[in-house]
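Student: Take a look at the following structure, please.
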Amino acid sequence: KPKVLSDSRGIFFEGYKKSLFVANGITEDFVQDNYSMSSLGVLRGLHYQSHPYPQSKLVTCVVGKIFDVAVDIRTNSPTFGHWVGYELSEESRYMLYIPVGFAHGFLALTDNAILSYKVSQEYSKECDFGIKFNDPNININWPKLPTEYIISDKDRTQPLLQDATL
């Protein structure tokens, strides 16, 4: 949660300050910034990048609002298959750090939700994998919307966690 300075001119905050993140245990060397814009109801994920180029992410919603999800896919973890979800928005300016070993997905709760996220490895098509967003064994409680979710064919046909390449 960044410290936001606000006055009649607008706002200012440090979206990323390495020393502050390191002081809080996040020592990633982020190497790529990504941007995504989604319409209301777009559900993306669950995505992850595996060995030899696994990615951690630092996700921020700079316009609009999303429900952001991380799922533990570390097979030796006591929380394997568990998920966390947080609302990220331009109002709260909260960020979500998603370490290596977690799949990521989000649902746009407003029209024109714009995300900015840093990653610790460059994109690798060969290492790009996913898990079905509605895997019943993970049981993510996605927010209900007055519209149908908009989901790509790729995301609709991802494998269940038990069948995924980890």
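Every chain in the structure tokens has a letter given in the order shown (A, B, ...), and although residue numbers restart at 1 in each chain, ligands are simply numbered from 1 in the order shown.
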Name the residues in contact with Thr75 in chain A at a cut-off of 12 Å, using only C-alpha atoms, excluding same-chain residues fewer than 6 positions from it; report them as a list in words.
Tutor: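 My list of contacting residues is Gly81, His82, Gly101, Phe102, Leu161, Gln162, Ala164, Thr165 and Leu166 of chain A.
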Student: Would you put the residues from that selection into a file with N, CA, C and O atoms, as a PDB file, in the first residue's frame?
Tutor:
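New file part_10.pdb:
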ATOM      1  N   GLY A  81      -2.593 -24.909  -4.131  1.00  0.00           N
ATOM      2  CA  GLY A  81      -3.979 -24.852  -4.593  1.00  0.00           C
ATOM      3  C   GLY A  81      -4.831 -23.808  -3.889  1.00  0.00           C
ATOM      4  O   GLY A  81      -5.977 -23.604  -4.272  1.00  0.00           O
ATOM      5  N   HIS A  82      -4.280 -23.137  -2.878  1.00  0.00           N
ATOM      6  CA  HIS A  82      -5.030 -22.080  -2.193  1.00  0.00           C
ATOM      7  C   HIS A  82      -4.885 -20.774  -2.973  1.00  0.00           C
ATOM      8  O   HIS A  82      -3.894 -20.564  -3.664  1.00  0.00           O
ATOM      9  N   GLY A 101       5.997 -19.157  -8.545  1.00  0.00           N
ATOM     10  CA  GLY A 101       5.282 -20.288  -7.965  1.00  0.00           C
ATOM     11  C   GLY A 101       3.810 -20.017  -7.725  1.00  0.00           C
ATOM     12  O   GLY A 101       3.121 -20.818  -7.103  1.00  0.00           O
ATOM     13  N   PHE A 102       3.327 -18.888  -8.240  1.00  0.00           N
ATOM     14  CA  PHE A 102       1.912 -18.543  -8.120  1.00  0.00           C
ATOM     15  C   PHE A 102       1.358 -18.217  -9.499  1.00  0.00           C
ATOM     16  O   PHE A 102       2.029 -17.582 -10.312  1.00  0.00           O
ATOM     17  N   LEU A 161      -5.737 -27.566 -12.408  1.00  0.00           N
ATOM     18  CA  LEU A 161      -4.466 -27.562 -11.696  1.00  0.00           C
ATOM     19  C   LEU A 161      -3.852 -28.962 -11.638  1.00  0.00           C
ATOM     20  O   LEU A 161      -2.644 -29.123 -11.860  1.00  0.00           O
ATOM     21  N   GLN A 162      -4.657 -29.982 -11.413  1.00  0.00           N
ATOM     22  CA  GLN A 162      -4.128 -31.352 -11.307  1.00  0.00           C
ATOM     23  C   GLN A 162      -3.510 -31.845 -12.607  1.00  0.00           C
ATOM     24  O   GLN A 162      -2.696 -32.774 -12.595  1.00  0.00           O
ATOM     25  N   ALA A 164      -2.053 -29.570 -14.903  1.00  0.00           N
ATOM     26  CA  ALA A 164      -1.221 -28.483 -15.439  1.00  0.00           C
ATOM     27  C   ALA A 164       0.257 -28.837 -15.420  1.00  0.00           C
ATOM     28  O   ALA A 164       0.720 -29.662 -14.629  1.00  0.00           O
ATOM     29  N   THR A 165       0.998 -28.211 -16.321  1.00  0.00           N
ATOM     30  CA  THR A 165       2.454 -28.311 -16.350  1.00  0.00           C
ATOM     31  C   THR A 165       3.000 -27.379 -15.285  1.00  0.00           C
ATOM     32  O   THR A 165       2.861 -26.171 -15.387  1.00  0.00           O
ATOM     33  N   LEU A 166       3.575 -27.956 -14.229  1.00  0.00           N
ATOM     34  CA  LEU A 166       4.106 -27.137 -13.152  1.00  0.00           C
ATOM     35  C   LEU A 166       5.610 -27.326 -13.147  1.00  0.00           C
ATOM     36  O   LEU A 166       6.408 -26.681 -12.740  1.00  0.00           O
TER      37      LEU A 166
END
Student: Between range 68-147 of chain A and range 26-45 of chain A, at 9 Å or less, what are the per-residue closest atom pairs and their distances in Å? Count only C-alpha atoms, order by chain and rising residue number, and return it as JSON lines.
Tutor:
{"residue": "A:Val69", "atom": "CA", "partner": "A:Gly45", "partner_atom": "CA", "distance": 8.9}
{"residue": "A:Tyr97", "atom": "CA", "partner": "A:Ile26", "partner_atom": "CA", "distance": 8.4}
{"residue": "A:Pro99", "atom": "CA", "partner": "A:Ile26", "partner_atom": "CA", "distance": 8.9}
{"residue": "A:Ala103", "atom": "CA", "partner": "A:Gly45", "partner_atom": "CA", "distance": 7.9}
{"residue": "A:His104", "atom": "CA", "partner": "A:Gly45", "partner_atom": "CA", "distance": 6.1}
{"residue": "A:Gly105", "atom": "CA", "partner": "A:Gly45", "partner_atom": "CA", "distance": 4.0}
{"residue": "A:Phe106", "atom": "CA", "partner": "A:Arg44", "partner_atom": "CA", "distance": 5.5}
{"residue": "A:Leu107", "atom": "CA", "partner": "A:Leu43", "partner_atom": "CA", "distance": 4.3}
{"residue": "A:Ala108", "atom": "CA", "partner": "A:Leu40", "partner_atom": "CA", "distance": 5.1}
{"residue": "A:Leu109", "atom": "CA", "partner": "A:Leu40", "partner_atom": "CA", "distance": 5.5}
{"residue": "A:Thr110", "atom": "CA", "partner": "A:Leu40", "partner_atom": "CA", "distance": 4.7}
{"residue": "A:Asp111", "atom": "CA", "partner": "A:Leu40", "partner_atom": "CA", "distance": 4.2}
{"residue": "A:Asn112", "atom": "CA", "partner": "A:Ser39", "partner_atom": "CA", "distance": 5.0}
{"residue": "A:Ala113", "atom": "CA", "partner": "A:Ser38", "partner_atom": "CA", "distance": 5.2}
{"residue": "A:Ile114", "atom": "CA", "partner": "A:Met37", "partner_atom": "CA", "distance": 4.3}
{"residue": "A:Leu115", "atom": "CA", "partner": "A:Ser36", "partner_atom": "CA", "distance": 5.1}
{"residue": "A:Ser116", "atom": "CA", "partner": "A:Tyr35", "partner_atom": "CA", "distance": 4.6}
{"residue": "A:Tyr117", "atom": "CA", "partner": "A:Asn34", "partner_atom": "CA", "distance": 5.2}
{"residue": "A:Lys118", "atom": "CA", "partner": "A:Asp33", "partner_atom": "CA", "distance": 4.5}
{"residue": "A:Val119", "atom": "CA", "partner": "A:Phe30", "partner_atom": "CA", "distance": 5.2}
{"residue": "A:Ser120", "atom": "CA", "partner": "A:Phe30", "partner_atom": "CA", "distance": 4.2}
{"residue": "A:Gln121", "atom": "CA", "partner": "A:Val31", "partner_atom": "CA", "distance": 6.0}
{"residue": "A:Glu122", "atom": "CA", "partner": "A:Gln32", "partner_atom": "CA", "distance": 6.0}
{"residue": "A:Tyr123", "atom": "CA", "partner": "A:Gln32", "partner_atom": "CA", "distance": 8.4}
{"residue": "A:Gly130", "atom": "CA", "partner": "A:Gly45", "partner_atom": "CA", "distance": 6.8}
{"residue": "A:Ile131", "atom": "CA", "partner": "A:Gly45", "partner_atom": "CA", "distance": 7.2}
{"residue": "A:Lys132", "atom": "CA", "partner": "A:Gly45", "partner_atom": "CA", "distance": 7.5}
{"residue": "A:Phe133", "atom": "CA", "partner": "A:Gly45", "partner_atom": "CA", "distance": 6.1}
{"residue": "A:Leu145", "atom": "CA", "partner": "A:Gly41", "partner_atom": "CA", "distance": 7.1}
{"residue": "A:Pro146", "atom": "CA", "partner": "A:Gly41", "partner_atom": "CA", "distance": 8.8}
{"residue": "A:Thr147", "atom": "CA", "partner": "A:Gly41", "partner_atom": "CA", "distance": 6.6}
Student: DSSP on the backbone: which residues in range 2-97 of chain A end up as helix (DSSP H, G or I)? Give the answer as a count of residues only.
Tutor: 6
Student: Based on DSSP run over this structure's backbone, return all residues of range 3-161 of chain A in strand (DSSP E), as a VMD selection string.
Tutor: chain A and resid 5 to 7 10 to 12 32 to 38 43 to 49 57 to 63 65 to 72 83 to 89 95 to 98 102 to 108 113 to 119 128 to 130
Student: Pick from A:Trp83, A:Pro78, A:Lys1, A:Ile11: nearest to Asn141 in chain A, with only C-alpha atoms counted?
Tutor: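 The shortest atom-to-atom distance to Asn141 in chain A comes from A:Trp83.
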